[in-house]
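As provided, target21.cif (mmCIF, C-alpha atoms and all ligand atoms; chains and numbers go by the auth columns) reads as follows.
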```cif
data_input
loop_
_atom_site.group_PDB
_atom_site.id
_atom_site.type_symbol
_atom_site.label_atom_id
_atom_site.label_comp_id
_atom_site.label_asym_id
_atom_site.label_seq_id
_atom_site.Cartn_x
_atom_site.Cartn_y
_atom_site.Cartn_z
_atom_site.B_iso_or_equiv
_atom_site.auth_seq_id
_atom_site.auth_asym_id
ATOM 1 C CA MET A 1 -118.506 124.459 -110.376 0.00 1 A
ATOM 2 C CA THR A 2 -117.466 127.042 -112.984 0.00 2 A
ATOM 3 C CA ARG A 3 -120.014 127.456 -115.772 0.00 3 A
ATOM 4 C CA PRO A 4 -119.846 124.350 -117.998 0.00 4 A
ATOM 5 C CA VAL A 5 -121.233 126.002 -121.147 0.00 5 A
ATOM 6 C CA PHE A 6 -118.731 127.169 -123.769 0.00 6 A
ATOM 7 C CA VAL A 7 -120.377 129.226 -126.493 0.00 7 A
ATOM 8 C CA ALA A 8 -119.368 128.308 -130.064 0.00 8 A
ATOM 9 C CA LEU A 9 -118.797 131.580 -131.931 0.00 9 A
ATOM 10 C CA ASP A 10 -119.117 130.205 -135.440 0.00 10 A
ATOM 11 C CA THR A 11 -118.765 133.292 -137.593 0.00 11 A
ATOM 12 C CA PRO A 12 -116.018 134.713 -139.821 0.00 12 A
ATOM 13 C CA ASP A 13 -116.906 138.202 -138.546 0.00 13 A
ATOM 14 C CA LEU A 14 -114.552 139.242 -135.744 0.00 14 A
ATOM 15 C CA ALA A 15 -116.647 142.233 -134.668 0.00 15 A
ATOM 16 C CA LYS A 16 -119.762 140.045 -134.473 0.00 16 A
ATOM 17 C CA ALA A 17 -117.921 137.353 -132.495 0.00 17 A
ATOM 18 C CA ARG A 18 -116.603 139.972 -130.068 0.00 18 A
ATOM 19 C CA ALA A 19 -120.038 141.567 -129.622 0.00 19 A
ATOM 20 C CA LEU A 20 -121.675 138.167 -129.014 0.00 20 A
ATOM 21 C CA ALA A 21 -118.979 137.225 -126.522 0.00 21 A
ATOM 22 C CA GLU A 22 -119.434 140.489 -124.608 0.00 22 A
ATOM 23 C CA ARG A 23 -123.207 139.903 -124.464 0.00 23 A
ATOM 24 C CA VAL A 24 -123.045 136.387 -123.059 0.00 24 A
ATOM 25 C CA ARG A 25 -119.811 136.545 -121.077 0.00 25 A
ATOM 26 C CA HIS A 26 -121.501 136.501 -117.652 0.00 26 A
ATOM 27 C CA HIS A 27 -123.552 133.391 -118.494 0.00 27 A
ATOM 28 C CA VAL A 28 -120.940 131.098 -120.064 0.00 28 A
ATOM 29 C CA GLY A 29 -117.687 129.532 -118.930 0.00 29 A
ATOM 30 C CA GLY A 30 -115.648 130.033 -122.091 0.00 30 A
ATOM 31 C CA LEU A 31 -115.477 130.883 -125.784 0.00 31 A
ATOM 32 C CA LYS A 32 -115.109 128.215 -128.464 0.00 32 A
ATOM 33 C CA LEU A 33 -113.488 129.383 -131.699 0.00 33 A
ATOM 34 C CA GLY A 34 -113.563 126.974 -134.618 0.00 34 A
ATOM 35 C CA LEU A 35 -112.517 126.663 -138.218 0.00 35 A
ATOM 36 C CA GLU A 36 -114.884 129.299 -139.552 0.00 36 A
ATOM 37 C CA PHE A 37 -113.552 131.943 -137.173 0.00 37 A
ATOM 38 C CA PHE A 38 -109.900 130.870 -137.420 0.00 38 A
ATOM 39 C CA CYS A 39 -109.758 130.687 -141.233 0.00 39 A
ATOM 40 C CA ALA A 40 -111.051 134.243 -141.395 0.00 40 A
ATOM 41 C CA ASN A 41 -109.210 135.818 -138.475 0.00 41 A
ATOM 42 C CA GLY A 42 -106.173 133.670 -137.681 0.00 42 A
ATOM 43 C CA ARG A 43 -104.078 133.950 -134.543 0.00 43 A
ATOM 44 C CA ALA A 44 -104.609 137.709 -134.264 0.00 44 A
ATOM 45 C CA GLY A 45 -108.364 137.142 -134.104 0.00 45 A
ATOM 46 C CA VAL A 46 -107.936 134.589 -131.328 0.00 46 A
ATOM 47 C CA GLN A 47 -105.742 137.049 -129.414 0.00 47 A
ATOM 48 C CA GLU A 48 -108.418 139.707 -129.709 0.00 48 A
ATOM 49 C CA MET A 49 -111.102 137.326 -128.445 0.00 49 A
ATOM 50 C CA ALA A 50 -108.897 136.416 -125.475 0.00 50 A
ATOM 51 C CA GLN A 51 -109.282 140.034 -124.327 0.00 51 A
ATOM 52 C CA VAL A 52 -112.885 139.214 -123.363 0.00 52 A
ATOM 53 C CA GLY A 53 -111.322 137.475 -120.383 0.00 53 A
ATOM 54 C CA LEU A 54 -112.817 133.980 -120.715 0.00 54 A
ATOM 55 C CA PRO A 55 -110.946 130.718 -121.393 0.00 55 A
ATOM 56 C CA ILE A 56 -110.423 130.075 -125.111 0.00 56 A
ATOM 57 C CA PHE A 57 -111.278 126.682 -126.594 0.00 57 A
ATOM 58 C CA LEU A 58 -109.574 126.418 -129.987 0.00 58 A
ATOM 59 C CA ASP A 59 -111.581 123.838 -131.907 0.00 59 A
ATOM 60 C CA LEU A 60 -109.461 123.301 -135.018 0.00 60 A
ATOM 61 C CA LYS A 61 -109.863 119.491 -135.110 0.00 61 A
ATOM 62 C CA LEU A 62 -106.331 118.968 -136.393 0.00 62 A
ATOM 63 C CA HIS A 63 -105.915 115.774 -138.434 0.00 63 A
ATOM 64 C CA ASP A 64 -102.793 115.050 -140.516 0.00 64 A
ATOM 65 C CA ILE A 65 -99.538 113.109 -140.236 0.00 65 A
ATOM 66 C CA PRO A 66 -97.876 113.359 -136.792 0.00 66 A
ATOM 67 C CA ASN A 67 -95.108 115.775 -137.855 0.00 67 A
ATOM 68 C CA THR A 68 -97.544 118.197 -139.515 0.00 68 A
ATOM 69 C CA VAL A 69 -99.943 118.230 -136.578 0.00 69 A
ATOM 70 C CA ALA A 70 -97.124 118.666 -134.054 0.00 70 A
ATOM 71 C CA LYS A 71 -95.766 121.649 -136.022 0.00 71 A
ATOM 72 C CA ALA A 72 -99.245 123.156 -136.230 0.00 72 A
ATOM 73 C CA VAL A 73 -99.664 122.773 -132.465 0.00 73 A
ATOM 74 C CA GLN A 74 -96.272 124.464 -131.966 0.00 74 A
ATOM 75 C CA ALA A 75 -97.431 127.366 -134.150 0.00 75 A
ATOM 76 C CA LEU A 76 -100.557 127.722 -132.000 0.00 76 A
ATOM 77 C CA ALA A 77 -98.669 127.478 -128.690 0.00 77 A
ATOM 78 C CA PRO A 78 -98.245 131.277 -128.213 0.00 78 A
ATOM 79 C CA LEU A 79 -102.053 131.512 -128.024 0.00 79 A
ATOM 80 C CA ASN A 80 -102.055 129.282 -124.945 0.00 80 A
ATOM 81 C CA PRO A 81 -105.593 128.005 -125.517 0.00 81 A
ATOM 82 C CA ALA A 82 -107.283 126.369 -122.540 0.00 82 A
ATOM 83 C CA ILE A 83 -108.459 123.545 -124.819 0.00 83 A
ATOM 84 C CA LEU A 84 -107.352 122.404 -128.290 0.00 84 A
ATOM 85 C CA THR A 85 -108.949 119.694 -130.440 0.00 85 A
ATOM 86 C CA ILE A 86 -107.377 117.111 -132.724 0.00 86 A
ATOM 87 C CA HIS A 87 -109.014 114.093 -134.409 0.00 87 A
ATOM 88 C CA ALA A 88 -108.579 110.704 -132.727 0.00 88 A
ATOM 89 C CA ALA A 89 -108.753 109.139 -136.208 0.00 89 A
ATOM 90 C CA GLY A 90 -105.286 110.615 -136.835 0.00 90 A
ATOM 91 C CA GLY A 91 -103.916 107.746 -134.753 0.00 91 A
ATOM 92 C CA ARG A 92 -101.946 107.232 -131.585 0.00 92 A
ATOM 93 C CA ALA A 93 -98.622 108.660 -132.818 0.00 93 A
ATOM 94 C CA MET A 94 -100.320 111.825 -134.067 0.00 94 A
ATOM 95 C CA MET A 95 -102.072 112.301 -130.736 0.00 95 A
ATOM 96 C CA GLU A 96 -98.867 111.663 -128.743 0.00 96 A
ATOM 97 C CA ASP A 97 -96.909 114.168 -130.823 0.00 97 A
ATOM 98 C CA ALA A 98 -99.687 116.782 -130.603 0.00 98 A
ATOM 99 C CA LYS A 99 -99.811 116.487 -126.820 0.00 99 A
ATOM 100 C CA ALA A 100 -96.013 116.727 -126.581 0.00 100 A
ATOM 101 C CA ALA A 101 -96.037 119.911 -128.674 0.00 101 A
ATOM 102 C CA ALA A 102 -98.813 121.631 -126.699 0.00 102 A
ATOM 103 C CA PRO A 103 -98.176 124.097 -123.866 0.00 103 A
ATOM 104 C CA SER A 104 -98.516 122.522 -120.414 0.00 104 A
ATOM 105 C CA GLY A 105 -101.630 124.594 -119.680 0.00 105 A
ATOM 106 C CA THR A 106 -103.497 123.440 -122.779 0.00 106 A
ATOM 107 C CA LYS A 107 -105.867 120.485 -122.535 0.00 107 A
ATOM 108 C CA VAL A 108 -105.623 118.496 -125.758 0.00 108 A
ATOM 109 C CA VAL A 109 -108.812 116.567 -126.482 0.00 109 A
ATOM 110 C CA ALA A 110 -109.618 114.191 -129.349 0.00 110 A
ATOM 111 C CA VAL A 111 -112.753 114.280 -131.445 0.00 111 A
ATOM 112 C CA THR A 112 -114.038 110.711 -131.558 0.00 112 A
ATOM 113 C CA MET A 113 -117.165 110.667 -133.748 0.00 113 A
ATOM 114 C CA LEU A 114 -118.622 113.976 -134.907 0.00 114 A
ATOM 115 C CA THR A 115 -122.076 114.647 -133.465 0.00 115 A
ATOM 116 C CA SER A 116 -123.300 115.334 -137.006 0.00 116 A
ATOM 117 C CA LEU A 117 -122.835 111.632 -137.857 0.00 117 A
ATOM 118 C CA ASP A 118 -124.995 108.597 -137.108 0.00 118 A
ATOM 119 C CA GLU A 119 -124.457 104.875 -137.548 0.00 119 A
ATOM 120 C CA GLN A 120 -125.591 105.007 -141.165 0.00 120 A
ATOM 121 C CA ASP A 121 -122.725 107.451 -141.789 0.00 121 A
ATOM 122 C CA LEU A 122 -120.325 105.085 -140.008 0.00 122 A
ATOM 123 C CA ARG A 123 -121.423 102.231 -142.280 0.00 123 A
ATOM 124 C CA ALA A 124 -121.018 104.442 -145.356 0.00 124 A
ATOM 125 C CA GLY A 125 -117.421 104.938 -144.212 0.00 125 A
ATOM 126 C CA GLY A 126 -116.853 101.201 -143.817 0.00 126 A
ATOM 127 C CA ILE A 127 -117.325 100.968 -140.025 0.00 127 A
ATOM 128 C CA ALA A 128 -119.808 98.258 -139.067 0.00 128 A
ATOM 129 C CA GLY A 129 -120.013 98.835 -135.295 0.00 129 A
ATOM 130 C CA SER A 130 -122.184 101.153 -133.219 0.00 130 A
ATOM 131 C CA ALA A 131 -121.526 104.804 -132.379 0.00 131 A
ATOM 132 C CA HIS A 132 -121.068 103.694 -128.775 0.00 132 A
ATOM 133 C CA ASP A 133 -118.320 101.213 -129.708 0.00 133 A
ATOM 134 C CA GLN A 134 -116.610 103.697 -132.024 0.00 134 A
ATOM 135 C CA VAL A 135 -116.470 106.376 -129.301 0.00 135 A
ATOM 136 C CA VAL A 136 -115.345 103.972 -126.572 0.00 136 A
ATOM 137 C CA ARG A 137 -112.592 102.538 -128.826 0.00 137 A
ATOM 138 C CA LEU A 138 -111.251 105.959 -129.851 0.00 138 A
ATOM 139 C CA ALA A 139 -111.502 107.249 -126.265 0.00 139 A
ATOM 140 C CA ALA A 140 -109.276 104.367 -125.144 0.00 140 A
ATOM 141 C CA LEU A 141 -106.752 105.243 -127.881 0.00 141 A
ATOM 142 C CA ALA A 142 -106.781 108.926 -126.858 0.00 142 A
ATOM 143 C CA ARG A 143 -106.204 107.952 -123.246 0.00 143 A
ATOM 144 C CA GLU A 144 -103.306 105.648 -124.170 0.00 144 A
ATOM 145 C CA ALA A 145 -101.799 108.510 -126.199 0.00 145 A
ATOM 146 C CA GLY A 146 -101.748 110.702 -123.082 0.00 146 A
ATOM 147 C CA LEU A 147 -104.466 113.151 -124.091 0.00 147 A
ATOM 148 C CA ASP A 148 -106.603 114.988 -121.556 0.00 148 A
ATOM 149 C CA GLY A 149 -109.983 113.876 -122.833 0.00 149 A
ATOM 150 C CA ILE A 150 -112.309 113.522 -125.779 0.00 150 A
ATOM 151 C CA VAL A 151 -115.161 115.136 -127.667 0.00 151 A
ATOM 152 C CA CYS A 152 -118.222 112.910 -128.015 0.00 152 A
ATOM 153 C CA SER A 153 -121.988 113.188 -128.010 0.00 153 A
ATOM 154 C CA GLY A 154 -124.061 113.072 -124.848 0.00 154 A
ATOM 155 C CA ALA A 155 -125.300 109.652 -125.923 0.00 155 A
ATOM 156 C CA GLU A 156 -121.871 108.091 -125.303 0.00 156 A
ATOM 157 C CA VAL A 157 -120.426 110.231 -122.542 0.00 157 A
ATOM 158 C CA ALA A 158 -121.508 107.948 -119.665 0.00 158 A
ATOM 159 C CA ALA A 159 -119.817 104.917 -121.237 0.00 159 A
ATOM 160 C CA ALA A 160 -116.655 106.851 -122.083 0.00 160 A
ATOM 161 C CA LYS A 161 -116.429 108.332 -118.604 0.00 161 A
ATOM 162 C CA SER A 162 -116.901 105.016 -116.841 0.00 162 A
ATOM 163 C CA ALA A 163 -113.725 103.809 -118.592 0.00 163 A
ATOM 164 C CA TRP A 164 -111.833 107.096 -117.999 0.00 164 A
ATOM 165 C CA PRO A 165 -113.118 108.654 -114.758 0.00 165 A
ATOM 166 C CA ASP A 166 -110.650 111.578 -114.685 0.00 166 A
ATOM 167 C CA GLY A 167 -110.907 112.427 -118.408 0.00 167 A
ATOM 168 C CA LEU A 168 -112.220 115.721 -119.746 0.00 168 A
ATOM 169 C CA PHE A 169 -115.460 115.122 -121.643 0.00 169 A
ATOM 170 C CA VAL A 170 -116.503 117.809 -124.101 0.00 170 A
ATOM 171 C CA VAL A 171 -120.041 117.434 -125.435 0.00 171 A
ATOM 172 C CA PRO A 172 -121.399 119.375 -128.428 0.00 172 A
ATOM 173 C CA GLY A 173 -124.730 118.594 -130.099 0.00 173 A
ATOM 174 C CA VAL A 174 -126.570 119.984 -127.092 0.00 174 A
ATOM 175 C CA ARG A 175 -130.171 121.141 -127.467 0.00 175 A
ATOM 176 C CA LEU A 176 -133.121 122.058 -125.258 0.00 176 A
ATOM 177 C CA PRO A 177 -136.091 119.744 -126.010 0.00 177 A
ATOM 178 C CA SER A 178 -137.781 122.397 -128.161 0.00 178 A
ATOM 179 C CA GLY A 179 -134.605 123.329 -130.062 0.00 179 A
ATOM 180 C CA ALA A 180 -133.912 122.833 -133.775 0.00 180 A
ATOM 181 C CA THR A 181 -131.236 120.179 -134.281 0.00 181 A
ATOM 182 C CA GLY A 182 -130.004 121.513 -137.640 0.00 182 A
ATOM 183 C CA ASP A 183 -127.166 119.317 -138.940 0.00 183 A
ATOM 184 C CA GLN A 184 -126.625 117.568 -135.582 0.00 184 A
ATOM 185 C CA LYS A 185 -127.697 113.906 -135.465 0.00 185 A
ATOM 186 C CA ARG A 186 -126.649 112.701 -131.973 0.00 186 A
ATOM 187 C CA VAL A 187 -128.268 115.279 -129.717 0.00 187 A
ATOM 188 C CA VAL A 188 -129.041 115.384 -125.987 0.00 188 A
ATOM 189 C CA THR A 189 -130.251 118.063 -123.577 0.00 189 A
ATOM 190 C CA PRO A 190 -127.672 120.016 -121.553 0.00 190 A
ATOM 191 C CA ARG A 191 -129.016 118.525 -118.308 0.00 191 A
ATOM 192 C CA LYS A 192 -128.753 114.936 -119.567 0.00 192 A
ATOM 193 C CA ALA A 193 -125.214 115.507 -120.867 0.00 193 A
ATOM 194 C CA LEU A 194 -124.098 116.863 -117.497 0.00 194 A
ATOM 195 C CA ASP A 195 -125.871 114.115 -115.540 0.00 195 A
ATOM 196 C CA ASP A 196 -124.085 111.534 -117.688 0.00 196 A
ATOM 197 C CA GLY A 197 -120.643 113.004 -117.017 0.00 197 A
ATOM 198 C CA ALA A 198 -119.941 115.833 -119.469 0.00 198 A
ATOM 199 C CA SER A 199 -117.293 118.281 -118.227 0.00 199 A
ATOM 200 C CA ILE A 200 -117.984 120.960 -120.847 0.00 200 A
ATOM 201 C CA LEU A 201 -121.074 121.606 -122.968 0.00 201 A
ATOM 202 C CA VAL A 202 -120.527 123.279 -126.343 0.00 202 A
ATOM 203 C CA VAL A 203 -123.492 125.370 -127.443 0.00 203 A
ATOM 204 C CA GLY A 204 -123.515 127.384 -130.655 0.00 204 A
ATOM 205 C CA ARG A 205 -126.632 128.243 -132.635 0.00 205 A
ATOM 206 C CA PRO A 206 -129.104 127.845 -129.746 0.00 206 A
ATOM 207 C CA ILE A 207 -127.333 130.905 -128.253 0.00 207 A
ATOM 208 C CA THR A 208 -125.775 132.755 -131.193 0.00 208 A
ATOM 209 C CA GLY A 209 -128.838 132.338 -133.430 0.00 209 A
ATOM 210 C CA ALA A 210 -131.325 133.438 -130.761 0.00 210 A
ATOM 211 C CA ALA A 211 -133.059 136.808 -130.945 0.00 211 A
ATOM 212 C CA ASP A 212 -131.722 137.469 -127.433 0.00 212 A
ATOM 213 C CA PRO A 213 -128.424 135.536 -127.041 0.00 213 A
ATOM 214 C CA ASP A 214 -127.842 136.413 -123.376 0.00 214 A
ATOM 215 C CA GLN A 215 -131.373 135.327 -122.451 0.00 215 A
ATOM 216 C CA ALA A 216 -130.819 132.097 -124.409 0.00 216 A
ATOM 217 C CA ALA A 217 -127.577 131.471 -122.498 0.00 217 A
ATOM 218 C CA ARG A 218 -129.404 132.178 -119.211 0.00 218 A
ATOM 219 C CA ASP A 219 -132.239 129.817 -120.186 0.00 219 A
ATOM 220 C CA ILE A 220 -129.769 127.010 -120.856 0.00 220 A
ATOM 221 C CA GLY A 221 -127.913 127.773 -117.618 0.00 221 A
ATOM 222 C CA ALA A 222 -131.209 127.581 -115.704 0.00 222 A
ATOM 223 C CA THR A 223 -131.700 123.961 -116.767 0.00 223 A
ATOM 224 C CA LEU A 224 -128.361 122.852 -115.285 0.00 224 A
HETATM 225 O O1 LIG B . -118.485 116.377 -132.806 0.00 301 B
HETATM 226 C C1 LIG B . -118.493 117.629 -132.830 0.00 301 B
HETATM 227 C C2 LIG B . -117.368 118.389 -132.606 0.00 301 B
HETATM 228 C C3 LIG B . -117.455 119.745 -132.606 0.00 301 B
HETATM 229 N N1 LIG B . -118.625 120.368 -132.838 0.00 301 B
HETATM 230 C C4 LIG B . -118.654 121.852 -132.820 0.00 301 B
HETATM 231 O O2 LIG B . -119.548 122.287 -131.792 0.00 301 B
HETATM 232 C C5 LIG B . -120.319 123.376 -132.241 0.00 301 B
HETATM 233 C C6 LIG B . -121.779 123.018 -132.179 0.00 301 B
HETATM 234 O O3 LIG B . -122.559 124.082 -132.676 0.00 301 B
HETATM 235 P P1 LIG B . -124.157 124.075 -132.615 0.00 301 B
HETATM 236 O O4 LIG B . -124.507 125.336 -133.343 0.00 301 B
HETATM 237 O O5 LIG B . -124.541 124.094 -131.157 0.00 301 B
HETATM 238 O O6 LIG B . -124.645 122.852 -133.320 0.00 301 B
HETATM 239 C C7 LIG B . -119.820 123.738 -133.637 0.00 301 B
HETATM 240 O O7 LIG B . -118.882 124.775 -133.491 0.00 301 B
HETATM 241 C C8 LIG B . -119.131 122.477 -134.113 0.00 301 B
HETATM 242 O O8 LIG B . -118.033 122.762 -134.954 0.00 301 B
HETATM 243 C C9 LIG B . -119.748 119.633 -133.057 0.00 301 B
HETATM 244 O O9 LIG B . -120.858 120.159 -133.265 0.00 301 B
HETATM 245 N N2 LIG B . -119.659 118.269 -133.032 0.00 301 B
#
```
Whole structure, structure tokens version:
Amino acid sequence: MTRPVFVALDTPDLAKARALAERVRHHVGGLKLGLEFFCANGRAGVQEMAQVGLPIFLDLKLHDIPNTVAKAVQALAPLNPAILTIHAAGGRAMMEDAKAAAPSGTKVVAVTMLTSLDEQDLRAGGIAGSAHDQVVRLAALAREAGLDGIVCSGAEVAAAKSAWPDGLFVVPGVRLPSGATGDQKRVVTPRKALDDGASILVVGRPITGAADPDQAARDIGATL
């Protein structure tokens, strides 16, 4: 199996992102670039990071009306990301149009319920059900829309995968038992996430915030 860990390079500093990527490149399977990096560095920054030679996961979590999201995906198409995120809450038509606009080599995956949320947050937003039900419902919608997979926490990945055996399951909110959770609320260990069916593990601060990022990436890899 290729390395399942994608490192989240959450920084606006292109030189820092590039240096981190070069340090950990032999211990991870890909580079995840999100809003913080993209707002600061745009498409040119993504192109520079692609020179590291690892698959690029563009985590922009697009969420708008179908036409706007489809046009945004078209604008990103020259970057040919390996993976691109949109929000499942944007609805079936938005997901269908995003997938249709994406290059054939790009896996489009839908964020179901952010790992920084718990059921109290769901209730505050007017959703009475459990995190499990919310993820399973949105995963079914993403599948019907023709997407390649979803983003969910490790707590729901087994249930989502049992309903979608060939889906791509991206799991952030991954921590070693001793790790600080920070703003993440639905957290599992890398080993548990993989055992339960995760395809890709997204790891940011446990690697990028470590005194020795390549050792941290190796330590996580050793648990898998
Ligand atoms: O539900 C989600 C979706 C995306 N993310 C992203 O993953 C990383 C996690 O970073 P850590 O430092 O390991 O917490 C970050 O880039 C998020 O934007 C997520 O955490 N949860």
**OP:** Would you list the contacts of stretch 133-135 of chain A as an MDAnalysis selection string, taking every protein, DNA or RNA residue within 8 Å and counting only C-alpha atoms, but skipping same-chain residues closer than 3 positions in sequence?
**Re:** chainID A and resid 112:113 129:130 138:139 152 156 160
Original post:
Any idea what's packed within 9 Å of A:Asp166, counting only C-alpha atoms, ignoring anything in its chain fewer than 5 positions away? Could you give it as a PyMOL selection string?
Top reply: chain A and resi 148-149+161
Original post:
By how many Å are atom P1 of ligand LIG 301 (chain B) and atom CA of A:Val187 apart?
Top reply: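 So the two atoms, atom P1 of ligand LIG 301 (chain B) and atom CA of A:Val187, lie 10.1 Å apart.
Among the candidates A:Pro66, A:Gly221, A:Gly91, A:Gly209, the residue lying nearest to A:Asp10 is A:Gly209 (atoms considered: all atoms listed in the file).
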Original post:
So which residues are near ligand LIG 301 (chain B), meaning at most 10 Å away with all atoms listed in the file counted, given back as a PyMOL selection string?
Top reply: chain A and resi 6-11+32-37+59-61+85+87+110-117+150-153+170-175+180-187+201-209
Using the chain letters and numbers from the file, give me the residues hit by the PyMOL selection byres (((chain A and resi 20) around 10) and not hetatm), as an mmCIF file with C-alpha atoms, keeping the file's coordinate frame.
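Saved result, selection-v3.cif, follows:
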```cif
data_model
loop_
_atom_site.group_PDB
_atom_site.id
_atom_site.type_symbol
_atom_site.label_atom_id
_atom_site.label_comp_id
_atom_site.auth_asym_id
_atom_site.auth_seq_id
_atom_site.Cartn_x
_atom_site.Cartn_y
_atom_site.Cartn_z
ATOM 1 C CA VAL A 7 -120.377 129.226 -126.493
ATOM 2 C CA LEU A 9 -118.797 131.580 -131.931
ATOM 3 C CA LEU A 14 -114.552 139.242 -135.744
ATOM 4 C CA ALA A 15 -116.647 142.233 -134.668
ATOM 5 C CA LYS A 16 -119.762 140.045 -134.473
ATOM 6 C CA ALA A 17 -117.921 137.353 -132.495
ATOM 7 C CA ARG A 18 -116.603 139.972 -130.068
ATOM 8 C CA ALA A 19 -120.038 141.567 -129.622
ATOM 9 C CA ALA A 21 -118.979 137.225 -126.522
ATOM 10 C CA GLU A 22 -119.434 140.489 -124.608
ATOM 11 C CA ARG A 23 -123.207 139.903 -124.464
ATOM 12 C CA VAL A 24 -123.045 136.387 -123.059
ATOM 13 C CA ARG A 25 -119.811 136.545 -121.077
ATOM 14 C CA ILE A 207 -127.333 130.905 -128.253
ATOM 15 C CA THR A 208 -125.775 132.755 -131.193
ATOM 16 C CA PRO A 213 -128.424 135.536 -127.041
ATOM 17 C CA ASP A 214 -127.842 136.413 -123.376
#
```
**OP:** Identify all residues satisfying the PyMOL selection byres (((chain A and resi 145) around 10) and not hetatm) in the given file; provide them as a list in words.
**Re:**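 For this structure, the PyMOL selection byres (((chain A and resi 145) around 10) and not hetatm) captures Ala88, Gly91, Arg92, Ala93, Met94, Met95, Glu96, Asp97, Ala98, Lys99, Ala139, Ala140, Leu141, Ala142, Arg143, Glu144, Gly146, Leu147 and Asp148 of chain A.
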Go ahead and write the selection's residues with C-alpha atoms as an mmCIF file, in the frame of the given file.
```cif
data_model
loop_
_atom_site.group_PDB
_atom_site.id
_atom_site.type_symbol
_atom_site.label_atom_id
_atom_site.label_comp_id
_atom_site.auth_asym_id
_atom_site.auth_seq_id
_atom_site.Cartn_x
_atom_site.Cartn_y
_atom_site.Cartn_z
ATOM 1 C CA ALA A 88 -108.579 110.704 -132.727
ATOM 2 C CA GLY A 91 -103.916 107.746 -134.753
ATOM 3 C CA ARG A 92 -101.946 107.232 -131.585
ATOM 4 C CA ALA A 93 -98.622 108.660 -132.818
ATOM 5 C CA MET A 94 -100.320 111.825 -134.067
ATOM 6 C CA MET A 95 -102.072 112.301 -130.736
ATOM 7 C CA GLU A 96 -98.867 111.663 -128.743
ATOM 8 C CA ASP A 97 -96.909 114.168 -130.823
ATOM 9 C CA ALA A 98 -99.687 116.782 -130.603
ATOM 10 C CA LYS A 99 -99.811 116.487 -126.820
ATOM 11 C CA ALA A 139 -111.502 107.249 -126.265
ATOM 12 C CA ALA A 140 -109.276 104.367 -125.144
ATOM 13 C CA LEU A 141 -106.752 105.243 -127.881
ATOM 14 C CA ALA A 142 -106.781 108.926 -126.858
ATOM 15 C CA ARG A 143 -106.204 107.952 -123.246
ATOM 16 C CA GLU A 144 -103.306 105.648 -124.170
ATOM 17 C CA GLY A 146 -101.748 110.702 -123.082
ATOM 18 C CA LEU A 147 -104.466 113.151 -124.091
ATOM 19 C CA ASP A 148 -106.603 114.988 -121.556
#
```
**OP:** Identify which of the residues A:Thr68, A:Ile200, A:Ala217, A:Gly29 lies closest to A:Val109, counting only C-alpha atoms when measuring atom-to-atom distances.
**Re:**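 The closest residue to A:Val109 is A:Ile200.
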**OP:** Identify which of the residues A:Gly179, A:Asp13, A:Gly167, A:Met49 lies closest to A:Ser199, counting only C-alpha atoms when measuring atom-to-atom distances.
**Re:**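 Closest residue, counting only C-alpha atoms: A:Gly167.
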Output, as lines of an AutoDock Vina configuration file, the centre and edge lengths in Å (one decimal) of the axis-aligned box that contains all listed atoms of stretch 131-134 of chain A with 6 Å of margin on each side.
```
center_x = -119.1
center_y = 103.0
center_z = -130.6
size_x = 16.9
size_y = 15.6
size_z = 15.6
```
**OP:** Quick one: pull the distance between atom CA of A:Gln51 and atom CA of A:Ala75, Å, one decimal.
**Re:** 19.9 Å
**OP:** Could you please determine the separation between atom CA of A:Ala128 and atom CA of A:Ala155 in Å, to one decimal place?
**Re:**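 That distance, rounded to one decimal, is 18.2 Å.
Every protein, DNA or RNA residue with an atom at most 12 Å from A:Ser104, where only C-alpha atoms count and chain neighbours fewer than 3 positions away do not, is listed here: Gln74, Ala77, Pro78, Asn80, Pro81, Ala82, Ile83, Leu84, Ala98, Lys99, Ala100, Ala101, Lys107, Val108, Leu147 and Asp148 of chain A.
Proximity ranking of A:Leu76, A:Leu58, A:Val5, A:Ala102 relative to A:Ala193 places A:Val5 first, based on only C-alpha atoms.
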Would you fill out stretch 31-38 of chain A with N, CA and C atoms and return it as a short mmCIF file (atom, residue, chain, number, x, y, z; two decimals), keeping the file's coordinate frame?
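So selection.cif came out as:
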```cif
data_model
loop_
_atom_site.label_atom_id
_atom_site.label_comp_id
_atom_site.auth_asym_id
_atom_site.auth_seq_id
_atom_site.Cartn_x
_atom_site.Cartn_y
_atom_site.Cartn_z
N LEU A 31 -115.18 130.58 -124.38
CA LEU A 31 -115.48 130.88 -125.78
C LEU A 31 -114.84 129.81 -126.65
N LYS A 32 -115.65 129.21 -127.54
CA LYS A 32 -115.11 128.22 -128.46
C LYS A 32 -114.99 128.84 -129.85
N LEU A 33 -113.76 128.83 -130.36
CA LEU A 33 -113.49 129.38 -131.70
C LEU A 33 -113.10 128.22 -132.60
N GLY A 34 -113.79 128.11 -133.74
CA GLY A 34 -113.56 126.97 -134.62
C GLY A 34 -112.99 127.38 -135.96
N LEU A 35 -113.13 126.47 -136.91
CA LEU A 35 -112.52 126.66 -138.22
C LEU A 35 -113.01 127.91 -138.93
N GLU A 36 -114.31 128.15 -138.83
CA GLU A 36 -114.88 129.30 -139.55
C GLU A 36 -114.24 130.60 -139.06
N PHE A 37 -114.16 130.74 -137.75
CA PHE A 37 -113.55 131.94 -137.17
C PHE A 37 -112.05 131.99 -137.47
N PHE A 38 -111.36 130.86 -137.30
CA PHE A 38 -109.90 130.87 -137.42
C PHE A 38 -109.45 131.09 -138.86
#
```
